[in-house]
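Accompanying notes for the structure given below.
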Amino acid sequence: MFNTKYPKEKSKLFKIEANLLCVLSYFIGLVGIVLVSYADFDLKYYYLLALVPIIALIFEKDSEFIRFHSFMCLMILWLAPIILNILYLLFAKMGMYYIGVGLSLIFIPAMFISGIYCLLKAYKYYLVNIPLLGKIILYLANI
């Protein structure tokens, strides 16, 4: 399933190639991670950037490829930072500020690298098998 190339298809919503819609979702998420991590960017605007994969999930019910990559994009680039922020706040409340900073230093680059890897695979019409997430997303996307 993960090593097979999907046939080229058009997105119904934006009338562009399906791979470009997926690449756009990942790219916007990667830009959001950079803005939140290294610039003075408000988090409430960061979550507005999740609209592209959410809209793709709502309107592209027939495309397994778009559904898979939309779920993957939401998991890697939006759900993971939310969980990381919660852990950071918990460790800061307990006085273990440095553990939260250490987790951020490990997971933010990992999310960024995973996002770039998924972006490149989506551009080539492949599904991505990231450990623990690949099978869950196949289930969520009904593939």
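Labeling convention for the structure tokens: chains A, B, ... as they appear, residues from 1 per chain, ligands from 1 in order of appearance.
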
So which residues touch segment 123-140 of chain A within 7 Å, counting only C-alpha atoms, skipping near sequence neighbours fewer than 6 positions away, as a CSV table (one decimal) with N, CA and C atoms, in the first residue's frame?
chain,number,residue,atom,x,y,z
A,2,PHE,N,1.9,1.3,0.8
A,2,PHE,CA,2.7,2.5,0.9
A,2,PHE,C,3.7,2.7,-0.2
A,3,ASN,N,4.1,1.7,-0.8
A,3,ASN,CA,5.1,1.8,-1.9
A,3,ASN,C,4.5,1.8,-3.3
A,4,THR,N,3.2,1.9,-3.4
A,4,THR,CA,2.6,1.9,-4.7
A,4,THR,C,2.3,3.4,-5.1
A,5,LYS,N,2.5,3.7,-6.3
A,5,LYS,CA,2.3,5.1,-6.8
A,5,LYS,C,0.8,5.2,-7.2
A,6,TYR,N,0.2,6.2,-6.7
A,6,TYR,CA,-1.2,6.5,-7.0
A,6,TYR,C,-1.3,7.1,-8.4
A,19,ASN,N,-1.8,16.1,-6.1
A,19,ASN,CA,-0.5,16.1,-5.4
A,19,ASN,C,-0.2,17.6,-5.0
A,20,LEU,N,-0.6,18.5,-5.8
A,20,LEU,CA,-0.3,19.9,-5.5
A,20,LEU,C,-1.1,20.4,-4.3
A,23,VAL,N,0.7,19.0,-1.4
A,23,VAL,CA,1.9,19.8,-1.1
A,23,VAL,C,1.6,21.2,-0.5
A,68,PHE,N,-5.7,10.8,2.8
A,68,PHE,CA,-4.5,10.3,3.5
A,68,PHE,C,-3.6,11.4,3.9
A,71,PHE,N,-5.0,14.0,6.4
A,71,PHE,CA,-4.9,13.4,7.8
A,71,PHE,C,-3.4,13.5,8.3
A,72,MET,N,-2.5,13.1,7.4
A,72,MET,CA,-1.1,13.1,7.8
A,72,MET,C,-0.6,14.5,8.1

| request: From a DSSP calculation on the backbone, collect every residue of chain A in alpha helix (DSSP H) and output the set as a ChimeraX atom specification. | output: /A:18-38,43-48,51-59,64-74,80-93,97-123,133-140

The selected residues should be written to file as an mmCIF file, in the first residue's frame (atoms: C-alpha atoms).
data_model
loop_
_atom_site.group_PDB
_atom_site.id
_atom_site.type_symbol
_atom_site.label_atom_id
_atom_site.label_comp_id
_atom_site.auth_asym_id
_atom_site.auth_seq_id
_atom_site.Cartn_x
_atom_site.Cartn_y
_atom_site.Cartn_z
ATOM 1 C CA ALA A 18 -4.192 16.238 -6.192
ATOM 2 C CA ASN A 19 -0.509 16.148 -5.366
ATOM 3 C CA LEU A 20 -0.283 19.946 -5.513
ATOM 4 C CA LEU A 21 -3.159 20.280 -3.053
ATOM 5 C CA CYS A 22 -1.340 17.950 -0.641
ATOM 6 C CA VAL A 23 1.944 19.804 -1.150
ATOM 7 C CA LEU A 24 0.148 23.096 -0.457
ATOM 8 C CA SER A 25 -1.217 21.698 2.821
ATOM 9 C CA TYR A 26 2.223 20.559 3.966
ATOM 10 C CA PHE A 27 3.905 23.774 2.820
ATOM 11 C CA ILE A 28 1.478 25.991 4.738
ATOM 12 C CA GLY A 29 1.982 23.835 7.840
ATOM 13 C CA LEU A 30 5.773 24.015 7.528
ATOM 14 C CA VAL A 31 5.668 27.781 7.148
ATOM 15 C CA GLY A 32 3.450 27.890 10.249
ATOM 16 C CA ILE A 33 5.955 25.857 12.278
ATOM 17 C CA VAL A 34 8.775 28.176 11.231
ATOM 18 C CA LEU A 35 6.730 31.279 12.065
ATOM 19 C CA VAL A 36 5.690 29.982 15.480
ATOM 20 C CA SER A 37 9.150 28.651 16.358
ATOM 21 C CA TYR A 38 11.377 31.465 15.203
ATOM 22 C CA LEU A 43 -0.640 30.828 17.976
ATOM 23 C CA LYS A 44 -4.275 31.631 17.225
ATOM 24 C CA TYR A 45 -3.299 32.461 13.642
ATOM 25 C CA TYR A 46 -1.221 29.291 13.400
ATOM 26 C CA TYR A 47 -4.311 27.155 13.846
ATOM 27 C CA LEU A 48 -6.099 29.060 11.070
ATOM 28 C CA LEU A 51 -7.984 25.167 7.136
ATOM 29 C CA VAL A 52 -6.488 23.860 3.877
ATOM 30 C CA PRO A 53 -6.230 20.190 4.961
ATOM 31 C CA ILE A 54 -9.558 20.415 6.822
ATOM 32 C CA ILE A 55 -11.325 21.794 3.755
ATOM 33 C CA ALA A 56 -9.668 19.100 1.643
ATOM 34 C CA LEU A 57 -10.959 16.429 4.048
ATOM 35 C CA ILE A 58 -14.490 17.798 3.897
ATOM 36 C CA PHE A 59 -14.779 18.189 0.142
ATOM 37 C CA GLU A 64 -7.970 8.295 -0.927
ATOM 38 C CA PHE A 65 -4.714 10.040 -1.743
ATOM 39 C CA ILE A 66 -5.913 13.504 -0.675
ATOM 40 C CA ARG A 67 -7.664 12.157 2.426
ATOM 41 C CA PHE A 68 -4.547 10.273 3.538
ATOM 42 C CA HIS A 69 -2.230 13.250 3.122
ATOM 43 C CA SER A 70 -4.716 15.647 4.713
ATOM 44 C CA PHE A 71 -4.879 13.442 7.805
ATOM 45 C CA MET A 72 -1.096 13.062 7.820
ATOM 46 C CA CYS A 73 -0.635 16.820 7.539
ATOM 47 C CA LEU A 74 -3.057 17.458 10.397
ATOM 48 C CA ALA A 80 1.734 17.163 17.327
ATOM 49 C CA PRO A 81 2.481 20.845 18.141
ATOM 50 C CA ILE A 82 -0.676 21.022 20.266
ATOM 51 C CA ILE A 83 0.448 17.977 22.254
ATOM 52 C CA LEU A 84 3.963 19.426 22.505
ATOM 53 C CA ASN A 85 2.613 22.728 23.854
ATOM 54 C CA ILE A 86 0.508 20.907 26.445
ATOM 55 C CA LEU A 87 3.530 18.884 27.591
ATOM 56 C CA TYR A 88 5.660 22.016 27.700
ATOM 57 C CA LEU A 89 3.086 23.794 29.881
ATOM 58 C CA LEU A 90 2.774 20.782 32.184
ATOM 59 C CA PHE A 91 6.527 20.564 32.702
ATOM 60 C CA ALA A 92 6.731 24.348 33.222
ATOM 61 C CA LYS A 93 3.967 24.159 35.878
ATOM 62 C CA TYR A 97 11.149 23.965 32.508
ATOM 63 C CA TYR A 98 14.275 22.447 30.949
ATOM 64 C CA ILE A 99 12.543 19.166 30.146
ATOM 65 C CA GLY A 100 9.921 21.087 28.174
ATOM 66 C CA VAL A 101 12.620 22.997 26.331
ATOM 67 C CA GLY A 102 14.462 19.730 25.614
ATOM 68 C CA LEU A 103 11.314 18.161 24.194
ATOM 69 C CA SER A 104 10.806 21.215 21.998
ATOM 70 C CA LEU A 105 14.388 21.064 20.751
ATOM 71 C CA ILE A 106 13.888 17.426 19.754
ATOM 72 C CA PHE A 107 10.347 17.398 18.402
ATOM 73 C CA ILE A 108 10.116 20.683 16.478
ATOM 74 C CA PRO A 109 12.934 19.722 14.074
ATOM 75 C CA ALA A 110 11.502 16.186 13.870
ATOM 76 C CA MET A 111 8.084 17.566 12.890
ATOM 77 C CA PHE A 112 9.703 19.860 10.332
ATOM 78 C CA ILE A 113 11.774 17.060 8.759
ATOM 79 C CA SER A 114 8.757 14.716 8.728
ATOM 80 C CA GLY A 115 6.703 17.435 7.053
ATOM 81 C CA ILE A 116 9.315 17.916 4.323
ATOM 82 C CA TYR A 117 9.548 14.149 3.776
ATOM 83 C CA CYS A 118 5.761 13.854 3.488
ATOM 84 C CA LEU A 119 5.660 16.852 1.148
ATOM 85 C CA LEU A 120 8.182 15.231 -1.201
ATOM 86 C CA LYS A 121 6.364 11.885 -1.157
ATOM 87 C CA ALA A 122 3.006 13.563 -1.784
ATOM 88 C CA TYR A 123 4.449 15.409 -4.761
ATOM 89 C CA LEU A 133 0.993 7.136 12.339
ATOM 90 C CA GLY A 134 0.820 5.302 9.006
ATOM 91 C CA LYS A 135 -1.597 2.576 10.079
ATOM 92 C CA ILE A 136 -3.731 4.952 12.146
ATOM 93 C CA ILE A 137 -4.136 7.321 9.233
ATOM 94 C CA LEU A 138 -4.996 4.472 6.853
ATOM 95 C CA TYR A 139 -7.781 3.578 9.266
ATOM 96 C CA LEU A 140 -8.962 7.190 9.627
#

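When only C-alpha atoms are used to measure the gap to Ile143 of chain A, the shortest distance among A:Met96, A:Lys15, A:Pro7, A:Ser63 belongs to A:Ser63.
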
| message | Would you compute the distance between atom CA of Ala141 of chain A and atom CA of Ser11 of chain A? Give it in Å to one decimal. | response | 16.4 Å

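Taking atom CA of Glu60 of chain A and atom CA of Leu13 of chain A as the two end points, the separation is 7.2 Å.
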